[in-house]
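**Q** Structure provided below as structure tokens; questions to follow.
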Amino acid sequence: MTAAELANRFDHSTESLHIIQRWDDAKCWHAEVNTDRKPFSVVIPPPNVTGALHLGHGLNNTLQDIIIRMKRMQGFETLWMPGTDHAGIATQAVVERRLREDESLTRHDLGREKLVERIWKWKDQYETRILGQLKRMGCSCDWDRVRFTMDDQCAAAVRATFFDLFSKQWIYRGKRLVNWDTFLQTAVSDDEVKNVSIKGHFWHFRYPVIDPRAGDPSHVEIATTRPETMLGDTAVAVHPNPAKALDEVEKELLQKLKEANEKDADEIQSQIDSLQARRKSMLPQLEHLAQMASEGRMLRLPLVDREIPLIADVWAKPELGSGCVKITPAHDPNDYEVGLRQDLPMINILNPDGTINAEGATYEGLTIKKARVKVVEDLEAAGLLGDIEDRDIELPTSDRSKTPIEPFLADQWFVKMQDLAQTAMDAVIDERVEIFPTRYRKGYLDWLGEKRDWPVSRQLWWGHQIPIWSINDLTDEDGNELIAKIRELPQYASGNIKEQLSESEDATFEVAVCIRDEDAETESAIEALGLVRDPDVLDTWFSSALWPHSTLGWPANTPELEYFYPTGTLITSRDIITLWVARMVLMGLNNLDEIPFHEVYIHSKILDGQGETMSKSKGNGVDPIEVIDKFGPDALRFGLAYLATETQDVRLPVQYECPHCSKTIEQTKKNRSAPTVPCKACGGIFSTQWAESEADKAHPKGAVISERFETARNFVNKLWNASRFTLMNLEGYQAQPVEYASLGLEDQWLLSRLSSVTKTVTESFEHYRFADAARTLYDFAWDEFCSFYVEISKPRLDDPETRARTQSVIAHALDTLLRLLHPIMPFVTESVWSHLGEAAPVRGLASPVQANEFTMLADWPTANESHHNENIEKQFREFAEIVGAVRKIRSSQNIDRKDVVPIAVRCTNESAQRLQPMKPSLESMAACELRTLGPQAGPFEVDAPSSLSSLDIDVHVDLEQFIDIKAELGRLEKLLDNTVKMITAKEKKLANENFVSRAPAEVVDKERESLGDLVKQRESIAIDIKRLRSRM
RNA sequence: GGGCGAUUAGCUCAGUUGGUUAGAGCGCCACGUUGACAUCGUGGAGGUCAGAGAUUCGAGUUCUCUAUCGCCCACCA
């Protein structure tokens, strides 16, 4: 195909698939251990197989690919490790929901094996889709090395790690209050719990005092937002010294009042007033109750008819409610602490499914909701119900199942964090691991600093099953005997088994063993001894924490591990710094005694038009494929890189594209949650969601896109057409050395700019300033390469004198531009590159060389410092400003595009000499005819002048044939007005003694000089105005 | 409650160490299809840089306070 036959638009839809094929055929993305080169590696933050990727992933992976592609071009042996995460609870939750909605089945109907089978199918389906999305985005992962957090290699790493921690006695089992998801029937971590504000009530109850003495109240009043938990109450607490506690609160308030501003003061004052009122009305009674508590007096818990103590504990705040608080240690985190402190019984009243168990007496079998109603009713009937207040309640809700969380006492496995956390803190403190932007260090260090043990067991079926076999309730003797038997097993000698013996609270023994390597024989030997495998699986972050080394083959000591570990950079989003990044650091250090990566870059987040994060559940998630279909993969990538600045999250207003008429409809909170939306333009109904069931497919899906990618798409097109121009003009191109000194001003200017741009872009990428790099390239390519160099080159290419050198320069410039743009826009650059390879296979200035077949594998440009020349750039600016000045006058005079205007340019002899060779370009770009150039060039009879600020140049346009005096007068008067304003401002500034004496001389001189120029301009404008007026 | 970030044109965002007249894209207005590009070109309109105060000869930029928005962490019987 000849250059002239290329379409005037880049056909991304067919071309990008073709290019992916070429990269695949040549395996351009593949990395091997190669000791001749330096390695550079990145592990992908493995996307969850929960669902398809959205634009947040789009950004994350674009940024990684940019770094990877640049490093590859810089000559590193570059590995980008791809893969996906099994995402335990999240994936099981979606599959279970689907099961329930489509087949009305629960996981228990299916059984563990069948459910896990289903989830594997889901995983296969979404893994394929996710990897396909990444490929279409152009991600240059090593597709021969795709991993999954639950594949055999990762599983082996999980077992080895767990075994090691178990051997170090950093794994232990404990009863802990966990966040229980009654729908999924599993504990979820604190991070998976979100508080939702709802309207609720605050119920007041009265518990009778047993055998009240003289002066005792007959009842103690407490209040709760969760009435049903009273079934598990094991005490009521009152503050041991309410007077003192009230004093302290008052003192605090008074202190606050002192510091408060006027507005808050009223509020605080009223708090103090009510506190004092409370002291008056309630203190004697509270003190009496505290006294009763110290005497060990008992209360009768209604409904279940249990005797519970009145205790003294500081948890009871005398300034709140009745001053007394019910204690339910098994179902409330704070009460749990009180329970431990006061050695109270802990009564769990719930079954795992959220119904009341046998401890709840007659309420057994009721759901929490029903039990709540009945408890209130029964208390009312018993005359023990007090006031009911309305109240806003922060309800802890499972992020996974969207159902309320019940605090629940359960057995869980924990990892001790004391030592592990410290190592990960040290790595960041001494900057072996650097986090960018640095403000994220604090969160990382604070979180690790708490050194809270990590609960790692999950009551799920999807995940790495905990490799622990155990048996409980052994006598001292049996326990020791069992241990002896275990130690006699042949596998014990080979180090595959580690045992642990521990005494539990009731003085019976528990034996637990951990098996390192998966091995049926060992497992059955252990099971033959009566031990049973723990049904729980590990927290999904456990396997993710190993990702940088498990993917490289650990625990085997593979050459890849040796060569590619530690990895170079981790690129991720801020919400998993603690959950994932911190844990990778500590696990890497634990397993290999080496950090997992040198640098961490935290990028911004993508928000929708309302400023909310994108998520599938909100319906505002954008599938990168929909953007690619409409705008192309390069536009997607460039658009994201261009918008992703360091401090700002990217707000991306989102539209639906009507599948019937292709019009776009702005997405709103309202229409995004609707399943179908009518098109405003054509009235056609379309669906806003991916069809999940047959019924949903009644209406075609409207693609969710964002017009923010239009700019980027246009840029791709601009580049494509500038390339097309170049290719069309390379006919007869001969590779030959070009001497710098023989080049024209415009050539030298372009090379100088190219040198700066190369430097800026390289530095920007290396410092993760993606938006800076994208902007620099956009501005250079559009405003300098296209608008100036290409335009100037037109007459040059027509002139046999200058054609050859211009071909060399433009081919070289395009070549460099393609390389620089390649990491951001791999497709269009690769496409142009292959055409350029046909037209000019050997390129370069001083010593042309054969270009690589792929841009992707070409060398990264290095800035040629000797080409950088400020003076050339300044001289070129003279030319550029003259063009601008003529165009401005033409436009204000409404001169027809086809009419050529005569001009004169007054300037120094020096400038004239430089500008003379630019004459053809000046004339073609400004549609003018340069009549005179030099110190003598003066105004025409009918003249439109323009003084170029800070340059000693005046441009004159001969308006004899075109004059629109009124328009020209208007232009000049406006100009004069502006000039006068600036003069006034500057005069004022220079009259300021302080400025003149204190500002650096440089700055003052500059001001004086510019004032002088302005005054000259003002005079010449005034003269022109006068002359024009005389002609009216 | 603690921490972090943001607030610049109608919209989405740049603005390096304080220094001429605060920029870009989209949108808007006017003109224009000349052989790279109408996904384009040329020109234009549009901003008291959230508010107040401080430092300075000089503040979008530094400091303090206030307001609004967002995120993270903790807590709320």
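Residues are referred to by chain and number: the chain letter is A, B, ... according to the order shown in the structure tokens, the number counts from 1 in that chain, and ligands are numbered separately from 1 in the order shown.
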Counting only C-alpha atoms (C1' of nucleotides), which residues from chain A have an atom at most 6 Å from any atom of chain B, and could you show them as number ranges by chain?
**A** A: 224, 325, 714, 718, 721-722, 724-725, 891, 994-995, 998-999
**Q** Name all residues at most 10 Å from stretch 931-941 of chain A (count only C-alpha atoms (C1' of nucleotides); drop same-chain ones fewer than 5 positions away) and give them as an MDAnalysis selection string.
**A** chainID A and resid 901:913 915:916 919 953:960 1024 1027:1028
**Q** Need the shell around A:Thr647: protein/DNA/RNA residues with any atom at most 10 Å away, counting only C-alpha atoms (C1' of nucleotides). Skip same-chain ones fewer than 3 positions apart. Format as a PyMOL selection string?
**A** (chain A and resi 437+603-604+644+650) or (chain B and resi 5-6)
**Q** Closest to A:Leu814 among A:Gln850, A:Ser104, A:Asn864, A:Thr726, using only C-alpha atoms?
**A** A:Thr726
**Q** Which residue, B:U8, B:U33, B:U48, B:U17, has the smallest gap to B:G60 when you use only C-alpha atoms (C1' of nucleotides)?
**A**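 That would be B:U8, the residue with the smallest distance to B:G60.
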**Q** Can you pull out the residues contacting A:Arg914? Cut-off 10 Å, using only C-alpha atoms (C1' of nucleotides), and skip same-chain residues under 6 positions away; I want them as a list in words.
**A**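 Skipping anything fewer than 6 positions along the chain leaves Gly744, Leu745, Gln875, Phe876, Glu878 and Phe879 of chain A.
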**Q** Neighbours of A:Thr816 within 9 Å (only C-alpha atoms (C1' of nucleotides); same-chain residues fewer than 2 positions away dropped), as a list in words?
**A**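 Near neighbours after the sequence-gap exclusion: Leu754, Thr758, Ala811, His812, Ala813, Leu814, Leu818, Arg819, Leu820, Leu821, Trp860 and Pro861 of chain A.
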**Q** Excluding A:Leu79 and any residue of its chain fewer than 5 positions from it, enumerate the residues within 12 Å of it, using only C-alpha atoms (C1' of nucleotides), and give them as a short mmCIF file (atom, residue, chain, number, x, y, z; two decimals) with N, CA and C atoms, in the first residue's frame.
**A**
data_model
loop_
_atom_site.label_atom_id
_atom_site.label_comp_id
_atom_site.auth_asym_id
_atom_site.auth_seq_id
_atom_site.Cartn_x
_atom_site.Cartn_y
_atom_site.Cartn_z
N CYS A 28 6.94 -10.62 21.53
CA CYS A 28 7.68 -9.42 21.91
C CYS A 28 7.66 -9.19 23.41
N TRP A 29 6.65 -9.72 24.08
CA TRP A 29 6.45 -9.47 25.50
C TRP A 29 7.14 -10.50 26.39
N HIS A 30 7.76 -11.48 25.78
CA HIS A 30 8.30 -12.58 26.58
C HIS A 30 9.65 -12.20 27.19
N ALA A 31 9.84 -12.63 28.43
CA ALA A 31 11.12 -12.37 29.11
C ALA A 31 11.74 -13.69 29.53
N GLU A 32 13.04 -13.75 29.42
CA GLU A 32 13.79 -14.94 29.84
C GLU A 32 14.93 -14.49 30.73
N VAL A 33 15.38 -15.41 31.54
CA VAL A 33 16.58 -15.10 32.32
C VAL A 33 17.72 -14.88 31.33
N ASN A 34 18.34 -13.71 31.42
CA ASN A 34 19.37 -13.35 30.45
C ASN A 34 20.41 -12.51 31.17
N LYS A 38 20.31 -6.33 32.26
CA LYS A 38 19.76 -6.09 33.58
C LYS A 38 18.28 -6.44 33.57
N PRO A 39 17.80 -7.06 34.65
CA PRO A 39 16.39 -7.40 34.68
C PRO A 39 15.55 -6.23 35.17
N PHE A 40 14.32 -6.17 34.71
CA PHE A 40 13.33 -5.28 35.31
C PHE A 40 12.01 -6.02 35.32
N SER A 41 11.38 -6.07 36.49
CA SER A 41 10.13 -6.83 36.54
C SER A 41 9.06 -6.10 37.34
N VAL A 42 7.86 -6.40 36.99
CA VAL A 42 6.68 -5.85 37.67
C VAL A 42 5.70 -7.00 37.81
N VAL A 43 5.10 -7.13 38.98
CA VAL A 43 3.99 -8.07 39.08
C VAL A 43 2.70 -7.29 39.03
N ILE A 44 1.76 -7.82 38.30
CA ILE A 44 0.46 -7.16 38.17
C ILE A 44 -0.26 -7.28 39.51
N GLN A 64 1.18 0.58 34.39
CA GLN A 64 2.19 -0.46 34.45
C GLN A 64 2.78 -0.73 33.08
N ASP A 65 1.91 -0.76 32.08
CA ASP A 65 2.40 -1.09 30.75
C ASP A 65 3.30 0.02 30.22
N ILE A 67 5.36 1.89 31.98
CA ILE A 67 6.68 1.68 32.59
C ILE A 67 7.38 0.46 31.96
N ILE A 68 6.61 -0.60 31.82
CA ILE A 68 7.17 -1.84 31.27
C ILE A 68 7.69 -1.61 29.85
N ARG A 69 6.90 -0.94 29.03
CA ARG A 69 7.33 -0.72 27.65
C ARG A 69 8.55 0.18 27.57
N LYS A 71 10.88 0.52 29.89
CA LYS A 71 12.04 -0.23 30.37
C LYS A 71 12.51 -1.25 29.33
N ARG A 72 11.55 -1.86 28.66
CA ARG A 72 11.91 -2.84 27.64
C ARG A 72 12.71 -2.15 26.55
N CYS A 139 -1.71 -4.51 26.92
CA CYS A 139 -0.79 -4.82 28.01
C CYS A 139 0.24 -5.85 27.56
N SER A 140 1.50 -5.52 27.75
CA SER A 140 2.55 -6.40 27.26
C SER A 140 3.05 -7.32 28.36
N CYS A 141 2.11 -8.00 29.00
CA CYS A 141 2.45 -8.99 30.00
C CYS A 141 3.12 -10.18 29.30
N ASP A 142 3.87 -10.92 30.08
CA ASP A 142 4.44 -12.15 29.55
C ASP A 142 3.34 -13.21 29.57
N TRP A 143 2.66 -13.36 28.47
CA TRP A 143 1.48 -14.22 28.43
C TRP A 143 1.81 -15.70 28.55
N ASP A 144 3.09 -16.03 28.52
CA ASP A 144 3.47 -17.42 28.75
C ASP A 144 3.56 -17.74 30.24
N ARG A 145 3.38 -16.75 31.07
CA ARG A 145 3.60 -16.97 32.50
C ARG A 145 2.38 -16.64 33.35
N VAL A 146 1.20 -16.71 32.80
CA VAL A 146 0.01 -16.32 33.55
C VAL A 146 -0.16 -17.18 34.81
N PRO A 548 4.63 -11.61 44.70
CA PRO A 548 5.87 -11.29 43.99
C PRO A 548 6.86 -12.45 43.95
N THR A 551 4.88 -16.22 42.25
CA THR A 551 4.75 -16.27 40.80
C THR A 551 6.09 -16.61 40.13
N LEU A 552 7.17 -16.36 40.84
CA LEU A 552 8.49 -16.63 40.26
C LEU A 552 9.00 -18.01 40.68
N GLU A 560 14.47 -17.88 37.65
CA GLU A 560 13.64 -16.67 37.54
C GLU A 560 13.61 -15.90 38.85
N LEU A 561 13.47 -16.64 39.93
CA LEU A 561 13.42 -15.99 41.24
C LEU A 561 14.74 -15.28 41.50
N TYR A 563 16.82 -14.18 39.37
CA TYR A 563 17.10 -13.10 38.41
C TYR A 563 16.12 -11.93 38.53
N PHE A 564 14.84 -12.23 38.62
CA PHE A 564 13.84 -11.16 38.57
C PHE A 564 13.41 -10.61 39.93
N TYR A 565 13.74 -11.29 41.01
CA TYR A 565 13.33 -10.83 42.34
C TYR A 565 14.51 -10.14 43.01
N PRO A 566 14.32 -9.03 43.69
CA PRO A 566 13.07 -8.28 43.89
C PRO A 566 12.61 -7.60 42.61
N THR A 567 11.33 -7.36 42.52
CA THR A 567 10.80 -6.70 41.35
C THR A 567 11.10 -5.20 41.43
N GLY A 568 10.87 -4.51 40.32
CA GLY A 568 11.23 -3.10 40.27
C GLY A 568 10.22 -2.20 40.95
N THR A 569 9.02 -2.20 40.43
CA THR A 569 8.01 -1.26 40.91
C THR A 569 6.69 -1.98 41.09
#
**Q** Would you list, as a list in words, the residues of stretch 259-354 of chain A that end up in strand (DSSP E or B) under DSSP run on this structure's backbone?
**A** Met298, Leu299, Arg300, Leu301, Arg306, Glu307, Ile308, Pro309, Leu310, Ile311, Ala312, Cys324, Val325, Lys326, Ile327 and Leu350 of chain A
